[in-house]
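Read through the structure below, which is laid out as structure tokens, and then see the notes.
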Amino acid sequence: MNSRILQCIQHHLRQLGSFNLYFKFDCCELFCCLGYHLIKEFLPSESPFLKIDWAKQLMDQKILVFAYGSNLHIHRMRDRAPSATVLNIGYVHSRRIMFRKRSVDGSSKADASFTGDIRDRVWGVVYQMSKQDKSALDNYESLGIGYDEVAVDVFISDQHRTRALAYIARQESLDEDLEPYCWYVEFIRHGALHHRLPMCYIQHELSVNFVSDPDVVRRQTNQRLLRGDC
């Protein structure tokens, strides 16, 4: 291989590797981006192909996220990911919502726990959002610390399903002795009612014990967001 081409590949792979730490492109996108940089090295500068902002094209791509916890509430999600738009409601099977994920605020948060029983379902909303907002949402959800990112099949109906990413609690972050804060449960229940999730699911799966948040400022901040005042 021409040494100049080899050096170019090595250089851009290092750059893209660093870039990918923040924006999580998949392998196909990375190699497309690498191909663009290689072509850019050897095409005439006036080529129309080079006038396209390919980095922006990649960044403008949308990601599908399945929300089943407090992000069900549109105000909560938009506060974290302004580009988020609702595509569908649906469910994942063989999982059940459980409030046992340990949070840094001293309470428990929701987890779509795997049960292996196909009769179990976790209902939620499929959001579409930009890569930038997904990256910000990862930080809110403590990706890699409290939650892992898992691709799930979301059933929109018995005949139609879509693939989306969901935050699933890591095994080491589970704690059966904690309970969620009141405002957290309200986010979920209000969101579920707003999106018209099945009433039997709301009544049976989302009727859980909760505790009052001892942090007054945090409690009031979340209550304002619930009302849409923020």
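Identifiers in this document derive from the order of the structure tokens: chains are assigned A, B, ..., residues are numbered from 1 separately in each chain, and ligands are numbered from 1 in order of occurrence.
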* To do: Please identify which residues in range 51-228 of chain A DSSP calls strand (DSSP E or B) from the backbone, and express them as a PyMOL selection string.
  => chain A and resi 62-67+85-93+95-102+108-114+121-130+143+147-155+161-169+174+181+211
* For Ala192 in chain A, please output as a ChimeraX atom specification all residues within 12 Å (counting only C-alpha atoms; exclusion window: fewer than 2 positions along the same chain). => /A:67-74,89-90,122-125,185-190,194-203,205-207
* Could you give me, as a ChimeraX atom specification, the residues within 12 Å of Phe210 in chain A, counting only C-alpha atoms and dropping anything in the same chain fewer than 4 positions from it? => /A:99-100,107-109,177-186,206
Can you write out the residues you just picked, keeping N, CA and C atoms, as a short mmCIF file (atom, residue, chain, number, x, y, z; two decimals), in the first residue's frame?
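What ended up in out-v6.cif:
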```
data_model
loop_
_atom_site.label_atom_id
_atom_site.label_comp_id
_atom_site.auth_asym_id
_atom_site.auth_seq_id
_atom_site.Cartn_x
_atom_site.Cartn_y
_atom_site.Cartn_z
N PHE A 99 -38.32 -1.15 40.63
CA PHE A 99 -37.71 0.07 41.17
C PHE A 99 -36.61 -0.33 42.15
N ARG A 100 -35.49 -0.73 41.59
CA ARG A 100 -34.40 -1.24 42.43
C ARG A 100 -33.02 -0.81 41.96
N SER A 107 -32.08 7.27 46.45
CA SER A 107 -33.35 6.59 46.19
C SER A 107 -33.13 5.49 45.15
N SER A 108 -34.23 4.83 44.79
CA SER A 108 -34.16 3.84 43.72
C SER A 108 -34.79 4.42 42.45
N LYS A 109 -34.35 3.91 41.33
CA LYS A 109 -34.89 4.31 40.03
C LYS A 109 -35.38 3.06 39.30
N ASP A 177 -33.40 -2.74 48.75
CA ASP A 177 -33.85 -2.10 49.99
C ASP A 177 -34.24 -0.63 49.82
N LEU A 178 -34.03 -0.07 48.64
CA LEU A 178 -34.33 1.33 48.41
C LEU A 178 -35.71 1.51 47.79
N GLU A 179 -36.27 2.71 47.94
CA GLU A 179 -37.55 3.05 47.32
C GLU A 179 -37.40 4.35 46.54
N PRO A 180 -38.24 4.56 45.53
CA PRO A 180 -38.14 5.80 44.73
C PRO A 180 -38.73 6.99 45.47
N TYR A 181 -38.31 8.17 45.06
CA TYR A 181 -38.89 9.40 45.61
C TYR A 181 -40.26 9.63 44.97
N CYS A 182 -41.09 10.37 45.69
CA CYS A 182 -42.45 10.65 45.22
C CYS A 182 -42.46 11.30 43.85
N TRP A 183 -41.62 12.35 43.67
CA TRP A 183 -41.63 13.07 42.40
C TRP A 183 -41.21 12.18 41.24
N TYR A 184 -40.34 11.22 41.51
CA TYR A 184 -39.88 10.32 40.44
C TYR A 184 -41.03 9.44 39.94
N VAL A 185 -41.79 8.90 40.89
CA VAL A 185 -42.94 8.07 40.52
C VAL A 185 -43.98 8.92 39.78
N GLU A 186 -44.13 10.17 40.19
CA GLU A 186 -45.08 11.06 39.51
C GLU A 186 -44.67 11.30 38.06
N LEU A 206 -47.21 0.33 37.99
CA LEU A 206 -46.70 1.63 38.40
C LEU A 206 -47.24 2.10 39.74
#
```
* What is the distance between CA of Leu143 in chain A and CA of Arg161 in chain A, in Å to one decimal? -> 25.0 Å
Which residues, written as an mmCIF file with C-alpha atoms, in the first residue's frame, have at least one atom at most 12 Å from Thr221 in chain A, with only C-alpha atoms counted and residues fewer than 5 positions away on the same chain left out?
```cif
data_model
loop_
_atom_site.group_PDB
_atom_site.id
_atom_site.type_symbol
_atom_site.label_atom_id
_atom_site.label_comp_id
_atom_site.auth_asym_id
_atom_site.auth_seq_id
_atom_site.Cartn_x
_atom_site.Cartn_y
_atom_site.Cartn_z
ATOM 1 C CA ARG A 76 -38.409 15.584 31.738
ATOM 2 C CA TRP A 183 -41.628 13.071 42.403
ATOM 3 C CA TYR A 184 -39.880 10.317 40.439
ATOM 4 C CA ASP A 213 -37.296 13.434 49.068
ATOM 5 C CA ASP A 215 -33.732 17.499 49.743
ATOM 6 C CA VAL A 216 -36.247 20.358 49.570
ATOM 7 C CA LEU A 226 -43.675 18.176 36.491
ATOM 8 C CA ARG A 227 -46.000 21.176 36.233
ATOM 9 C CA GLY A 228 -44.162 22.482 33.182
ATOM 10 C CA ASP A 229 -42.945 25.628 34.977
ATOM 11 C CA CYS A 230 -39.301 25.124 33.930
#
```
* For CA of Ala166 in chain A and CA of Leu225 in chain A, determine how far apart the two atoms are, in Å to one decimal place. => 22.8 Å
* Asked: Can you tell me, as a ChimeraX atom specification, what residues are no more than 12 Å from Arg163 in chain A when counting only C-alpha atoms, ignoring any on the same chain fewer than 6 positions away?
  -> /A:63-66,88,90-92,126-128,150-156
* So what do you get for CA of Glu149 in chain A versus CA of Lys101 in chain A, distance-wise? -> 14.4 Å
If we count only C-alpha atoms and set the cut-off at 9 Å, which residues sit around Arg119 in chain A, ignoring sequence neighbours fewer than 3 positions away in its own chain? Please answer as a PDB file with N, CA and C atoms, in the first residue's frame.
```
ATOM      1  N   HIS A  93     -41.070  -7.296  25.652  1.00  0.00           N
ATOM      2  CA  HIS A  93     -41.533  -8.431  26.451  1.00  0.00           C
ATOM      3  C   HIS A  93     -40.364  -9.126  27.148  1.00  0.00           C
ATOM      4  N   SER A  94     -40.701 -10.012  28.047  1.00  0.00           N
ATOM      5  CA  SER A  94     -39.725 -10.762  28.856  1.00  0.00           C
ATOM      6  C   SER A  94     -38.981  -9.858  29.840  1.00  0.00           C
ATOM      7  N   ARG A  95     -39.545  -8.691  30.100  1.00  0.00           N
ATOM      8  CA  ARG A  95     -38.994  -7.772  31.091  1.00  0.00           C
ATOM      9  C   ARG A  95     -40.127  -7.230  31.958  1.00  0.00           C
ATOM     10  N   GLY A 116     -37.341 -13.290  31.511  1.00  0.00           N
ATOM     11  CA  GLY A 116     -37.377 -14.483  30.680  1.00  0.00           C
ATOM     12  C   GLY A 116     -38.776 -14.998  30.413  1.00  0.00           C
TER      13      GLY A 116
END
```
* Asked: Could you pull the residues within 9 Å of Asp148 in chain A, counting only C-alpha atoms, minus those fewer than 4 positions along the same chain, as a PyMOL selection string?
  -> chain A and resi 142-144+166-170
